[in-house]
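In what follows, a structure is listed as structure tokens, so that the remarks can point back to it.
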Amino acid sequence: MKDFPLNASMGMRPKLLPASAWLGHIPFAAWIVEELRPSTLVELGTHNGASYLAFCQAVLENSLGTRCFAVDTWQGDEHAGLYGEDVFQALWSYHQDHYAGFSQLLRMTFDDALDCFDDASVDLLHIDGLHTYEAVKHDFETWLPKMSSRGVVLFHDILVRERGFGVWRLWDELSSRYPSFEFLHTHGLGVLLVGPEAPESLVRLTTLDGEDSRAIVDRLFAVLGDGVRAMAKVQEQSHRVDHLDQQRDSLSNEIEAANVLAGHLRQRIVDAERELDEHNFAAAAREAVIAELRRTIEDEGRHAMAAASEQQRAALEAVQERLQQNGIVLDNYLAEMRTQFESRLAELTSHGQVERAAIAQRNEELFDSLMGRLASIGPRLDLMSSGDGVIVEGLKRIETDVGEVREKQLMLLAEIERQEDELQRIQGSWSWKITKPLRWLSRHLLGGSRE
């Protein structure tokens, strides 16, 4: 233990401590930066930057010319878990404010970043990507050519043997081939000297005699790491206190605003109550006016109803008088209708009788004429011997006279039928039917018997 060199960086107080399982190794990160004084430092797998920010702070506090590079996609993996853009943005913001002068964040895969570095140019390499055996072996073998003659490689989680972690297996293989030292706290950290020209202090670390000496060094950095974790807790509590203070201030402001609002509301309530009293008073006055108006309306209504009743009685009497007058007019009209119908009926009846008498008289005349002509034919028959032409001519005249008589008879009969049809039409009409009572009354009053 007396051969192990101590330095001031071991007690570095980290300025920012993101949540991480690497916090217990920050004292050693600061120690190795001061001892190795690397020209180029590369970290594969940075996540939220707990280890990388410690390296950068140590470089800055030791005023070194080291160029630092963090390589990551900042998307996560099956061991670190997947995370959002906010993780990178938070790291980027702090990094740009404090370490942008000598550090860069390379957002790419580990293999893509190989082309950014010359062979034998990297002095300190921290491998903390995907922790499967195949992945970490690939990272070591592809980056080994980039390591300088002073090169040192750090492996985290060399003690974890769950969830597919395989760093422990690769560490067992490499630690037997290269000078090495392993820390047993905080999931284990392996220190591998791959360059033949490593600083003397690191050589002493890897060649400590006896398990006791190694255990003391491991315990020393474990205690220092516990201090960092305690600081992280204090920092977390401080952040929580700051957050609570902000909440308290916010609540105080809200309470103050609520009190002001309550004062305004109380004043509005007072104003509203006063306005309500005024409205109630006005409402009471309006109700009194309404009651008075109702009484007035009721009185006027009663008077109006009395006046209306008188007017209605007068109107009813006028209507009754008009109905009586209309009845008299209707009676006169019906009487006139009755007179007209009876006159027309008598006319038609008389005309029919006259026509029948005329037809009979005409028939008798025609018959007498016919008989007279037949009688005149008798003497002519004696003249038949005088020539058939005279007889034939006489017969033709007789036939003509008979035809004329027959035609006149048909015309007279047609006229009689027409007159009878007219009489039936009149007797079947609505006017004739409604005047039947008048005809009946007329027959009884006048002693008539006609229908």
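Residue numbering restarts at 1 in every chain; chains get A, B, ... in the order shown in the structure tokens, and ligands count up from 1 in that same order.
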
Do a neighbour search on stretch 142-150 of chain A at 8 Å with only C-alpha atoms, toss out local chain neighbours closer than 5 positions, and write the hits as a VMD selection string.
-> chain A and resid 111 114 117 to 125 193 to 199

Backbone-only DSSP, strand (DSSP E) members of stretch 93-308 of chain A, as JSON, numbers by chain | {"A": [103, 104, 105, 106, 107, 122, 123, 124, 125, 126, 127, 147, 148, 149, 150, 151, 152, 153, 154, 155, 156, 180, 181, 182, 183, 189, 190, 191, 192, 193]}

Leaving out A:Glu211 and any residue of its chain fewer than 6 positions from it, which residues lie within 12 Å of it when counting only C-alpha atoms, given as a ChimeraX atom specification?
-> /A:1,181-182,217-219

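Counting only C-alpha atoms, stretch 220-230 of chain A has the following residues at most 6 Å away, ignoring those fewer than 4 positions along the same chain: A:Gly24, A:His25, A:Ile216.
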
Near stretch 40-55 of chain A, counting only C-alpha atoms, which residues have an atom at most 6 Å away, once you skip same-chain residues fewer than 6 positions from it, shown as a JSON list (two decimals) with N, CA and C atoms, in the first residue's frame?
[["chain", "number", "residue", "atom", "x", "y", "z"],
["A", 18, "PRO", "N", -25.57, 12.80, -12.40],
["A", 18, "PRO", "CA", -26.77, 12.15, -12.94],
["A", 18, "PRO", "C", -26.94, 10.77, -12.30],
["A", 66, "THR", "N", -6.08, 17.45, -22.77],
["A", 66, "THR", "CA", -6.73, 16.22, -23.25],
["A", 66, "THR", "C", -7.91, 16.57, -24.16],
["A", 67, "ARG", "N", -8.02, 15.78, -25.24],
["A", 67, "ARG", "CA", -9.20, 15.86, -26.10],
["A", 67, "ARG", "C", -10.12, 14.69, -25.72],
["A", 68, "CYS", "N", -11.37, 15.02, -25.38],
["A", 68, "CYS", "CA", -12.32, 14.00, -24.89],
["A", 68, "CYS", "C", -13.41, 13.78, -25.93],
["A", 69, "PHE", "N", -13.84, 12.49, -26.05],
["A", 69, "PHE", "CA", -14.89, 12.13, -27.01],
["A", 69, "PHE", "C", -15.83, 11.11, -26.37],
["A", 70, "ALA", "N", -17.11, 11.40, -26.46],
["A", 70, "ALA", "CA", -18.14, 10.45, -25.99],
["A", 70, "ALA", "C", -18.86, 9.92, -27.23],
["A", 71, "VAL", "N", -18.92, 8.60, -27.35],
["A", 71, "VAL", "CA", -19.54, 7.96, -28.51],
["A", 71, "VAL", "C", -20.78, 7.19, -28.03],
["A", 72, "ASP", "N", -21.94, 7.52, -28.64],
["A", 72, "ASP", "CA", -23.20, 6.84, -28.26],
["A", 72, "ASP", "C", -24.28, 7.24, -29.26],
["A", 122, "VAL", "N", -5.27, 6.77, -28.98],
["A", 122, "VAL", "CA", -6.11, 6.86, -27.79],
["A", 122, "VAL", "C", -5.33, 6.37, -26.58],
["A", 123, "ASP", "N", -5.25, 7.21, -25.54],
["A", 123, "ASP", "CA", -4.54, 6.83, -24.32],
["A", 123, "ASP", "C", -5.47, 6.18, -23.29],
["A", 124, "LEU", "N", -6.71, 6.64, -23.21],
["A", 124, "LEU", "CA", -7.64, 6.08, -22.22],
["A", 124, "LEU", "C", -8.97, 5.78, -22.91],
["A", 125, "LEU", "N", -9.37, 4.49, -22.82],
["A", 125, "LEU", "CA", -10.63, 4.04, -23.43],
["A", 125, "LEU", "C", -11.51, 3.42, -22.35],
["A", 126, "HIS", "N", -12.74, 3.93, -22.26],
["A", 126, "HIS", "CA", -13.71, 3.37, -21.31],
["A", 126, "HIS", "C", -14.80, 2.67, -22.11],
["A", 127, "ILE", "N", -14.92, 1.34, -21.97],
["A", 127, "ILE", "CA", -15.93, 0.56, -22.68],
["A", 127, "ILE", "C", -17.09, 0.28, -21.74],
["A", 128, "ASP", "N", -18.28, 0.85, -22.09],
["A", 128, "ASP", "CA", -19.46, 0.66, -21.24],
["A", 128, "ASP", "C", -20.72, 0.64, -22.11],
["A", 129, "GLY", "N", -20.64, -0.13, -23.23],
["A", 129, "GLY", "CA", -21.78, -0.24, -24.13],
["A", 129, "GLY", "C", -22.65, -1.43, -23.78]]
